[in-house]
$ cat input-v1.cif   # mmCIF, C-alpha atoms and all ligand atoms
data_my_file
#
loop_
_atom_site.label_atom_id
_atom_site.label_comp_id
_atom_site.auth_asym_id
_atom_site.auth_seq_id
_atom_site.Cartn_x
_atom_site.Cartn_y
_atom_site.Cartn_z
CA MET P 1 94.00 133.09 75.66
CA SER P 2 93.23 133.51 79.34
CA PRO P 3 89.92 135.00 80.57
CA SER P 4 91.77 137.63 82.59
CA GLY P 5 93.42 138.69 79.36
CA ILE P 6 90.05 139.22 77.75
CA ARG P 7 88.82 141.25 80.67
CA ALA P 8 91.89 143.41 80.94
CA GLY P 9 90.48 145.67 78.25
CA ALA P 10 87.23 146.33 80.13
CA THR P 11 86.84 149.89 81.43
CA GLY P 12 84.63 151.50 84.06
CA LEU P 13 84.47 150.77 87.76
CA LEU P 14 80.98 149.27 87.72
CA CYS P 15 81.87 146.84 85.03
CA CYS P 16 84.97 145.73 86.87
CA VAL P 17 83.22 145.31 90.18
CA ALA P 18 80.56 143.23 88.49
CA LEU P 19 83.21 141.15 86.83
CA LEU P 20 84.93 140.54 90.11
CA PHE P 21 81.85 138.74 91.31
CA LEU P 22 81.29 137.02 88.05
CA ALA P 23 84.85 136.03 87.61
CA PRO P 24 84.86 132.59 89.22
CA ALA P 25 81.78 131.40 87.34
CA VAL P 26 82.97 132.83 84.05
CA ARG P 27 86.42 131.40 84.55
CA ALA P 28 85.02 127.95 85.18
CA GLN P 29 83.23 128.10 81.84
CA ASP P 30 86.07 129.67 79.92
CA GLU P 31 88.76 127.39 81.21
CA PRO P 32 87.51 123.87 80.92
CA GLN P 33 89.68 121.26 82.54
CA PRO P 34 92.30 120.22 79.99
CA ALA P 35 91.30 117.03 78.20
CA PRO P 36 92.71 113.91 79.84
CA LEU P 37 96.09 112.87 78.53
CA PRO P 38 96.08 110.26 75.81
CA VAL P 39 97.74 106.85 76.24
CA PHE P 40 98.83 107.10 79.88
CA GLU P 41 97.31 108.07 83.20
CA PHE P 42 99.73 109.18 85.88
CA HIS P 43 99.46 108.60 89.61
CA SER P 44 101.56 109.72 92.54
CA GLY P 45 100.17 107.41 95.20
CA PHE P 46 100.99 107.48 98.91
CA TRP P 47 100.99 103.74 99.66
CA LEU P 48 102.83 102.64 96.56
CA ASN P 49 105.55 105.20 97.28
CA LEU P 50 105.78 104.09 100.91
CA HIS P 51 106.09 100.47 99.79
CA HIS P 52 108.92 101.22 97.37
CA THR P 53 110.67 103.42 99.95
CA LEU P 54 110.60 100.65 102.56
CA TYR P 55 111.75 98.09 100.00
CA ARG P 56 114.66 100.29 98.95
CA GLN P 57 115.72 101.19 102.48
CA ALA P 58 115.47 97.58 103.65
CA ARG P 59 117.76 96.53 100.81
CA LEU P 60 120.22 99.33 101.54
CA GLN P 61 120.24 98.47 105.20
CA ARG P 62 120.88 94.82 104.45
CA SER P 63 123.87 95.60 102.25
CA ASN P 64 125.14 98.18 104.74
CA PRO P 65 123.81 97.62 108.28
CA ALA P 66 125.51 100.83 109.43
CA ALA P 67 123.23 102.81 107.11
CA GLY P 68 120.65 103.23 109.90
CA ALA P 69 116.95 103.82 109.40
CA GLY P 70 117.39 106.16 106.44
CA VAL P 71 115.19 108.91 107.90
CA GLY P 72 116.53 111.62 110.18
CA ASN P 73 114.93 113.43 113.15
CA LEU P 74 112.55 110.70 114.26
CA SER P 75 110.96 110.66 117.67
CA PRO P 76 111.51 107.42 119.64
CA GLY P 77 107.99 106.24 118.74
CA GLU P 78 108.48 107.04 115.06
CA GLN P 79 111.87 105.34 115.13
CA ARG P 80 110.30 102.16 116.52
CA ALA P 81 107.56 102.04 113.88
CA TRP P 82 109.94 102.76 111.03
CA SER P 83 112.57 100.26 112.21
CA ALA P 84 109.91 97.60 112.63
CA ALA P 85 108.71 98.24 109.08
CA LEU P 86 112.25 98.01 107.73
CA ALA P 87 112.88 94.80 109.64
CA PHE P 88 109.66 93.32 108.23
CA TYR P 89 110.55 94.34 104.68
CA GLY P 90 114.11 93.08 105.18
CA LYS P 91 112.84 89.69 106.26
CA ASN P 92 109.98 89.27 103.82
CA TYR P 93 110.49 91.32 100.68
CA ALA P 94 114.00 92.73 100.29
CA ASP P 95 115.22 89.55 98.55
CA LYS P 96 112.33 89.50 96.14
CA ASP P 97 112.29 91.04 92.70
CA LEU P 98 109.66 93.76 92.34
CA THR P 99 109.04 92.88 88.73
CA VAL P 100 108.84 89.09 88.53
CA GLY P 101 107.09 87.40 91.46
CA LEU P 102 103.32 87.47 91.60
CA GLU P 103 103.35 88.35 95.31
CA MET P 104 105.22 91.63 94.82
CA ILE P 105 103.17 92.53 91.76
CA LEU P 106 99.87 91.97 93.56
CA ILE P 107 100.97 94.03 96.57
CA LYS P 108 102.12 96.86 94.31
CA ASN P 109 98.90 96.88 92.29
CA GLN P 110 96.74 96.76 95.40
CA LEU P 111 98.61 99.66 97.00
CA GLY P 112 98.13 101.63 93.79
CA ASP P 113 94.40 100.95 93.78
CA PHE P 114 94.03 102.04 97.41
CA GLU P 115 96.08 105.22 97.03
CA THR P 116 93.35 107.51 98.35
CA CYS P 117 92.75 105.51 101.52
CA GLU P 118 93.91 106.83 104.86
CA ASP P 119 94.60 103.38 106.22
CA LEU P 120 94.69 99.93 104.66
CA ALA P 121 92.79 98.02 107.31
CA GLY P 122 89.56 99.85 106.50
CA LEU P 123 89.30 101.32 110.01
CA LYS P 124 88.07 104.73 108.85
CA LYS P 125 86.24 103.50 105.77
CA ARG P 126 85.24 99.93 105.25
CA THR P 127 85.88 100.01 101.49
CA CYS P 128 89.51 100.80 102.33
CA ASP P 129 90.20 97.31 103.61
CA ALA P 130 92.84 96.43 101.03
CA GLY P 131 92.79 92.72 101.85
CA LEU P 132 96.57 92.55 102.14
CA PRO P 133 98.29 90.10 104.52
CA ALA P 134 97.46 91.18 108.09
CA LYS P 135 101.04 91.76 109.18
CA LEU P 136 101.86 93.84 106.09
CA THR P 137 98.74 95.95 106.65
CA GLU P 138 99.75 96.51 110.28
CA VAL P 139 103.32 97.44 109.34
CA LEU P 140 102.29 99.87 106.60
CA ASP P 141 99.59 101.52 108.71
CA ALA P 142 102.13 102.00 111.53
CA ALA P 143 104.84 103.36 109.20
CA ALA P 144 102.43 105.66 107.34
CA PRO P 145 102.42 108.59 109.82
CA VAL P 146 106.23 108.54 109.94
CA TYR P 147 106.47 108.52 106.17
CA ARG P 148 103.81 111.20 105.82
CA ALA P 149 105.58 113.49 108.30
CA HIS P 150 109.14 113.08 107.03
CA LEU P 151 109.35 111.89 103.42
CA TRP P 152 106.10 111.89 101.53
CA GLN P 153 105.80 115.62 100.87
CA GLU P 154 109.16 115.79 99.18
CA GLN P 155 108.66 112.55 97.23
CA ASP P 156 105.16 113.53 96.10
CA ARG P 157 106.50 116.90 94.95
CA SER P 158 109.23 115.16 92.96
CA ASN P 159 106.62 112.84 91.38
CA ARG P 160 104.32 115.72 90.47
CA ARG P 161 107.16 117.69 89.00
CA TRP P 162 108.07 114.70 86.84
CA ILE P 163 104.46 114.28 85.69
CA ALA P 164 104.17 117.99 84.85
CA ALA P 165 107.34 117.78 82.76
CA VAL P 166 106.37 114.68 80.77
CA ALA P 167 102.65 115.43 80.31
CA PRO P 168 103.10 117.95 77.44
CA LEU P 169 105.27 115.43 75.58
CA VAL P 170 102.63 112.73 75.99
CA ARG P 171 99.93 115.14 74.89
CA ARG P 172 101.88 116.15 71.79
CA ASN P 173 103.30 112.82 70.64
CA GLY P 174 101.59 110.10 72.65
CA LEU P 175 98.93 108.94 70.20
CA GLU P 176 101.26 108.98 67.23
CA LEU P 177 103.87 106.95 69.10
CA ALA P 178 101.31 104.46 70.34
CA HIS P 179 99.98 103.88 66.82
CA ARG P 180 103.43 103.57 65.35
CA LEU P 181 104.64 101.06 67.95
CA ALA P 182 101.48 98.97 67.67
CA GLU P 183 101.95 98.91 63.91
CA ILE P 184 105.59 97.82 64.28
CA TYR P 185 104.67 95.01 66.69
CA GLN P 186 101.68 94.09 64.53
CA THR P 187 99.16 94.37 67.30
CA ASN P 188 96.73 96.83 68.86
CA TRP P 189 97.64 99.36 71.49
CA PRO P 190 95.61 98.80 74.70
CA THR P 191 92.29 100.60 74.40
CA GLU P 192 92.37 101.76 78.03
CA ARG P 193 94.95 104.29 79.07
CA ILE P 194 97.93 102.63 80.70
CA ARG P 195 98.33 103.34 84.38
CA VAL P 196 101.73 104.79 85.29
CA ASP P 197 102.59 104.85 88.97
CA VAL P 198 105.18 107.51 89.52
CA SER P 199 107.27 106.62 92.52
CA TRP P 200 110.25 108.39 94.01
CA PHE P 201 112.08 105.06 93.73
CA ALA P 202 110.96 102.27 91.40
CA SER P 203 113.61 99.56 91.05
CA SER P 204 117.31 99.32 90.30
CA THR P 205 116.44 99.80 86.62
CA GLY P 206 114.58 103.06 87.26
CA ALA P 207 111.30 101.80 85.80
CA TYR P 208 109.49 98.51 85.39
CA THR P 209 106.32 97.11 83.92
CA THR P 210 104.00 94.40 85.14
CA LEU P 211 101.38 92.72 83.00
CA ASP P 212 97.75 91.62 83.36
CA PRO P 213 96.86 94.41 83.78
CA ILE P 214 99.69 96.31 82.18
CA ARG P 215 101.03 98.92 84.62
CA VAL P 216 104.20 100.94 84.50
CA THR P 217 106.10 102.07 87.59
CA VAL P 218 108.63 104.80 86.97
CA ALA P 219 111.05 106.55 89.34
CA SER P 220 110.73 110.32 89.38
CA SER P 221 114.12 110.74 91.06
CA ASP P 222 116.10 108.61 88.61
CA PRO P 223 118.47 110.69 86.46
CA ARG P 224 117.90 108.26 83.56
CA ASN P 225 114.23 109.22 83.35
CA GLN P 226 114.40 112.97 82.97
CA GLY P 227 113.70 115.46 80.17
CA SER P 228 112.68 114.22 76.74
CA GLU P 229 114.19 110.85 77.68
CA ALA P 230 111.24 110.35 80.00
CA LEU P 231 109.04 109.83 76.94
CA GLU P 232 111.29 107.05 75.66
CA VAL P 233 111.28 105.36 79.07
CA LEU P 234 107.47 105.44 79.14
CA PHE P 235 107.08 103.97 75.67
CA HIS P 236 109.81 101.40 76.21
CA GLU P 237 108.00 100.24 79.32
CA ALA P 238 104.61 100.19 77.64
CA SER P 239 106.10 98.20 74.76
CA HIS P 240 106.68 95.35 77.23
CA GLY P 241 102.92 94.92 77.11
CA ILE P 242 102.53 94.72 73.34
CA ALA P 243 105.66 92.99 72.01
CA ASP P 244 104.67 89.35 72.52
CA GLY P 245 104.69 88.92 68.75
CA VAL P 246 108.41 89.69 68.65
CA GLN P 247 109.25 87.08 71.26
CA ASP P 248 107.08 84.51 69.48
CA ALA P 249 108.73 85.23 66.13
CA ILE P 250 112.23 84.96 67.65
CA PHE P 251 111.35 81.63 69.31
CA ARG P 252 109.85 80.31 66.07
CA GLU P 253 112.86 81.21 63.97
CA CYS P 254 115.24 79.69 66.52
CA ARG P 255 113.25 76.47 66.68
CA GLN P 256 113.25 76.15 62.89
CA ARG P 257 117.02 76.60 62.79
CA ASP P 258 117.63 74.53 65.90
CA LYS P 259 119.45 77.44 67.45
CA PRO P 260 119.44 78.53 71.09
CA ILE P 261 117.27 81.57 71.74
CA PRO P 262 119.53 84.62 71.98
CA ARG P 263 119.15 85.85 75.53
CA ASP P 264 117.33 89.18 75.77
CA LEU P 265 117.39 89.80 72.03
CA TRP P 266 113.71 90.73 72.24
CA HIS P 267 114.54 93.27 74.94
CA ALA P 268 117.37 94.79 72.91
CA LEU P 269 114.90 95.01 70.02
CA LEU P 270 112.43 96.90 72.21
CA PHE P 271 115.11 99.37 73.29
CA TYR P 272 116.30 99.83 69.72
CA THR P 273 112.80 100.29 68.31
CA THR P 274 111.58 102.81 70.88
CA GLY P 275 114.78 104.81 70.48
CA GLU P 276 114.41 104.95 66.70
CA VAL P 277 110.73 105.87 66.84
CA ILE P 278 111.35 108.66 69.36
CA ARG P 279 114.43 110.03 67.61
CA PRO P 280 112.72 112.15 64.92
CA LEU P 281 110.18 113.54 67.41
CA ALA P 282 112.86 114.71 69.82
CA GLY P 283 114.31 117.03 67.17
CA GLN P 284 113.53 120.35 68.84
CA ALA P 285 114.37 119.23 72.35
CA ALA P 286 117.66 117.69 71.22
CA PRO P 287 118.97 119.74 68.30
CA ALA P 288 122.34 118.01 68.43
CA GLY P 289 120.62 114.71 67.77
CA TYR P 290 118.70 112.44 70.11
CA VAL P 291 120.71 109.72 71.84
CA PRO P 292 118.50 106.69 72.53
CA TYR P 293 118.43 105.23 76.04
CA ALA P 294 120.32 102.04 75.19
CA VAL P 295 123.18 104.02 73.65
CA ARG P 296 123.22 106.58 76.42
CA GLU P 297 123.28 103.94 79.15
CA GLY P 298 125.82 101.77 77.33
CA LEU P 299 123.53 98.72 77.08
CA TYR P 300 124.89 97.66 73.69
CA LYS P 301 128.40 97.66 75.11
CA ARG P 302 127.53 95.15 77.78
CA GLY P 303 127.19 92.00 75.71
CA TRP P 304 124.67 93.34 73.18
CA GLU P 305 127.21 94.37 70.52
CA ASN P 306 126.02 91.67 68.12
CA TYR P 307 122.42 92.56 68.76
CA LEU P 308 123.03 96.17 67.78
CA ARG P 309 124.71 94.93 64.59
CA VAL P 310 121.80 92.72 63.49
CA LEU P 311 119.20 95.24 64.59
CA THR P 312 120.83 97.96 62.51
CA GLN P 313 121.34 95.67 59.56
CA TYR P 314 118.12 93.64 59.47
CA TRP P 315 115.53 95.24 61.78
CA GLN P 316 116.04 98.83 60.68
CA PRO P 317 114.95 98.01 57.08
CA TYR P 318 111.67 96.72 58.54
CA LEU P 319 111.24 99.98 60.50
CA ASP P 320 111.88 101.81 57.23
CA GLY P 321 109.14 99.77 55.53
CA ARG P 322 111.47 97.98 53.15
CA VAL P 323 111.09 94.37 54.36
CA GLU P 324 108.43 92.29 56.07
CA PHE P 325 108.36 91.67 59.83
CA SER P 326 108.94 87.92 59.60
CA ASP P 327 111.78 88.30 57.09
CA ALA P 328 113.51 90.84 59.33
CA VAL P 329 113.35 88.49 62.32
CA ALA P 330 114.48 85.52 60.23
CA HIS P 331 117.49 87.46 58.95
CA MET P 332 118.46 88.53 62.45
CA ILE P 333 118.34 84.99 63.80
CA SER P 334 120.30 83.49 60.95
CA ALA P 335 122.96 86.19 61.33
CA LEU P 336 123.49 85.55 65.05
ZN ZN P 401 112.50 96.87 79.36
#

$ encode --input "input-v1.cif" --output "structure tokens" --more "lines below"
Ligand SMILES: [Zn+2]
Amino acid sequence: MSPSGIRAGATGLLCCVALLFLAPAVRAQDEPQPAPLPVFEFHSGFWLNLHHTLYRQARLQRSNPAAGAGVGNLSPGEQRAWSAALAFYGKNYADKDLTVGLEMILIKNQLGDFETCEDLAGLKKRTCDAGLPAKLTEVLDAAAPVYRAHLWQEQDRSNRRWIAAVAPLVRRNGLELAHRLAEIYQTNWPTERIRVDVSWFASSTGAYTTLDPIRVTVASSDPRNQGSEALEVLFHEASHGIADGVQDAIFRECRQRDKPIPRDLWHALLFYTTGEVIRPLAGQAAPAGYVPYAVREGLYKRGWENYLRVLTQYWQPYLDGRVEFSDAVAHMISAL
């Protein structure tokens, strides 16, 4: 119930005038800030979004040099700064994978941590010296005003819209899902909330996760990440941080049987598991039946047909509580 609703019944001019003055203080007491979300904390950070935007545009420009700078209506000065940033990203980062190399991961994490800073060299505030390579700092600080004037507002709005849409789902189902997935992977869910950097663009896959510390980057503009599917994407990504036990068990079973390790079986298992765990919770939002991400995006049709078969046949019984973890993995490996 809202405080204004309570007061709507009050009568008499004096009372209402008094309430007008009291209103802000009363409202602050009556409407405490909503409790922080469980499991995840969401960020829409300026520098991390700029970094991903430059990375994406540099890659686009490289594959299609006629694509131009990717931002319209720039003054000559803005054009110079933006082109220089794209050239720098094209030369130094566009060939690198955002998700694998330590260099890209460290840059991304650092830009996330310094999201509230006005510049990265620490010119305005000494604690804002992000300690990044000098040339990168220079390029980002020069591109920042261009980005802020022409792209950031729209991208930040898209990120915030995405967060507002997914937050109620996390609030309702987050803890339950986290416990269930930790139980399945026979481990503990991280005690700290997992940082999720929401970025207009994230990577060609629409979302990625880096470890130590575990952080998820998810694209707010990606059509694959919308609606109730956003919840599955979040928990799939977070599962990257807690599913070591699955990889270990697959390796162990393969070694014992002298079999090659089935490429990406562990990843197919993560997709399958998150989809199955989310499915019953998505009932109301998807009355016709929830379609898990891997089915929707056709992942099982691109070389994972056998994986879907063994997952359905041998892993599903484990999810249903009918067989042990190690037996399920052993059966899958012997059947492949
Ligand atoms: Zn994944």

$ residues_around --input "input-v1.cif" --residues "His236 in chain P" --least-positions-apart "3" --cutoff "8 Å" --atoms "only C-alpha atoms" --output "PyMOL selection string"
chain P and resi 232-233+239-240+270-271+274

$ residues_near_point --input "input-v1.cif" --point "(116.7, 100.3, 96.2)" --cutoff "10 Å" --atoms "all atoms listed in the file" --output "list in words"
His52, Thr53, Leu54, Tyr55, Arg56, Gln57, Ala58, Arg59, Leu60, Gln61, Ala94, Phe201, Ala202, Ser203, Ser204, Thr205 and Gly206 of chain P

$ residues_near_ligand --input "input-v1.cif" --ligand "ligand ZN 401 (chain P)" --cutoff "12 Å" --atoms "all atoms listed in the file" --output "PDB file with C-alpha atoms, in the coordinates of the input"
ATOM      1  CA  THR P  99     109.040  92.880  88.730  1.00  0.00           C
ATOM      2  CA  THR P 205     116.440  99.800  86.620  1.00  0.00           C
ATOM      3  CA  GLY P 206     114.580 103.060  87.260  1.00  0.00           C
ATOM      4  CA  ALA P 207     111.300 101.800  85.800  1.00  0.00           C
ATOM      5  CA  TYR P 208     109.490  98.510  85.390  1.00  0.00           C
ATOM      6  CA  THR P 209     106.320  97.110  83.920  1.00  0.00           C
ATOM      7  CA  THR P 210     104.000  94.400  85.140  1.00  0.00           C
ATOM      8  CA  VAL P 216     104.200 100.940  84.500  1.00  0.00           C
ATOM      9  CA  THR P 217     106.100 102.070  87.590  1.00  0.00           C
ATOM     10  CA  VAL P 218     108.630 104.800  86.970  1.00  0.00           C
ATOM     11  CA  GLU P 232     111.290 107.050  75.660  1.00  0.00           C
ATOM     12  CA  VAL P 233     111.280 105.360  79.070  1.00  0.00           C
ATOM     13  CA  LEU P 234     107.470 105.440  79.140  1.00  0.00           C
ATOM     14  CA  PHE P 235     107.080 103.970  75.670  1.00  0.00           C
ATOM     15  CA  HIS P 236     109.810 101.400  76.210  1.00  0.00           C
ATOM     16  CA  GLU P 237     108.000 100.240  79.320  1.00  0.00           C
ATOM     17  CA  ALA P 238     104.610 100.190  77.640  1.00  0.00           C
ATOM     18  CA  SER P 239     106.100  98.200  74.760  1.00  0.00           C
ATOM     19  CA  HIS P 240     106.680  95.350  77.230  1.00  0.00           C
ATOM     20  CA  GLY P 241     102.920  94.920  77.110  1.00  0.00           C
ATOM     21  CA  ILE P 242     102.530  94.720  73.340  1.00  0.00           C
ATOM     22  CA  ALA P 243     105.660  92.990  72.010  1.00  0.00           C
ATOM     23  CA  ASP P 264     117.330  89.180  75.770  1.00  0.00           C
ATOM     24  CA  LEU P 265     117.390  89.800  72.030  1.00  0.00           C
ATOM     25  CA  TRP P 266     113.710  90.730  72.240  1.00  0.00           C
ATOM     26  CA  HIS P 267     114.540  93.270  74.940  1.00  0.00           C
ATOM     27  CA  ALA P 268     117.370  94.790  72.910  1.00  0.00           C
ATOM     28  CA  LEU P 269     114.900  95.010  70.020  1.00  0.00           C
ATOM     29  CA  LEU P 270     112.430  96.900  72.210  1.00  0.00           C
ATOM     30  CA  PHE P 271     115.110  99.370  73.290  1.00  0.00           C
ATOM     31  CA  TYR P 272     116.300  99.830  69.720  1.00  0.00           C
ATOM     32  CA  THR P 273     112.800 100.290  68.310  1.00  0.00           C
ATOM     33  CA  THR P 274     111.580 102.810  70.880  1.00  0.00           C
ATOM     34  CA  TYR P 293     118.430 105.230  76.040  1.00  0.00           C
ATOM     35  CA  ALA P 294     120.320 102.040  75.190  1.00  0.00           C
ATOM     36  CA  LEU P 299     123.530  98.720  77.080  1.00  0.00           C
TER      37      LEU P 299
END

$ atom_distance --input "input-v1.cif" --atom1 "CA of Asn92 in chain P" --atom2 "CA of Lys108 in chain P"
14.5 Å

$ axis_aligned_box --input "input-v1.cif" --around "range 317-321 of chain P" --padding-each-side "3 Å" --output "AutoDock Vina command-line options"
--center_x 112.0 --center_y 99.3 --center_z 58.0 --size_x 11.8 --size_y 11.1 --size_z 11.0

$ atom_distance --input "input-v1.cif" --atom1 "CA of Glu276 in chain P" --atom2 "CA of Val39 in chain P"
19.3 Å

$ atom_distance --input "input-v1.cif" --atom1 "CA of Val310 in chain P" --atom2 "CA of Ala335 in chain P"
7.0 Å

$ closest_residue --input "input-v1.cif" --among "P:Thr127, P:Leu106, P:Gly174, P:Trp47" --to "Asp141 in chain P" --atoms "only C-alpha atoms"
P:Trp47

$ closest_residue --input "input-v1.cif" --among "P:Val139, P:Leu86, P:Leu50, P:Leu319" --to "Gly112 in chain P" --atoms "all atoms listed in the file"
P:Leu50

$ closest_residue --input "input-v1.cif" --among "P:Ile278, P:Leu181, P:Ala167, P:Leu211" --to "Asn109 in chain P" --atoms "only C-alpha atoms"
P:Leu211

$ closest_residue --input "input-v1.cif" --among "P:Gln313, P:Gln256, P:Ser334, P:Gln247" --to "Tyr185 in chain P" --atoms "all atoms listed in the file"
P:Gln247

$ closest_residue --input "input-v1.cif" --among "P:Gly227, P:Gly45, P:Gly303, P:Gly90" --to "Leu111 in chain P" --atoms "all atoms listed in the file"
P:Gly45

$ closest_residue --input "input-v1.cif" --among "P:Gly245, P:Pro145, P:Pro190, P:Pro213" --to "Leu74 in chain P" --atoms "all atoms listed in the file"
P:Pro145

$ residues_around --input "input-v1.cif" --residues "Phe114 in chain P" --least-positions-apart "6" --cutoff "8 Å" --atoms "only C-alpha atoms" --output "PyMOL selection string"
chain P and resi 47+120+128+130

$ residues_near_point --input "input-v1.cif" --point "(101.1, 91.7, 107.4)" --cutoff "12 Å" --atoms "only C-alpha atoms" --output "MDAnalysis selection string"
chainID P and resid 84:85 88:89 91:93 107 120:121 130:142
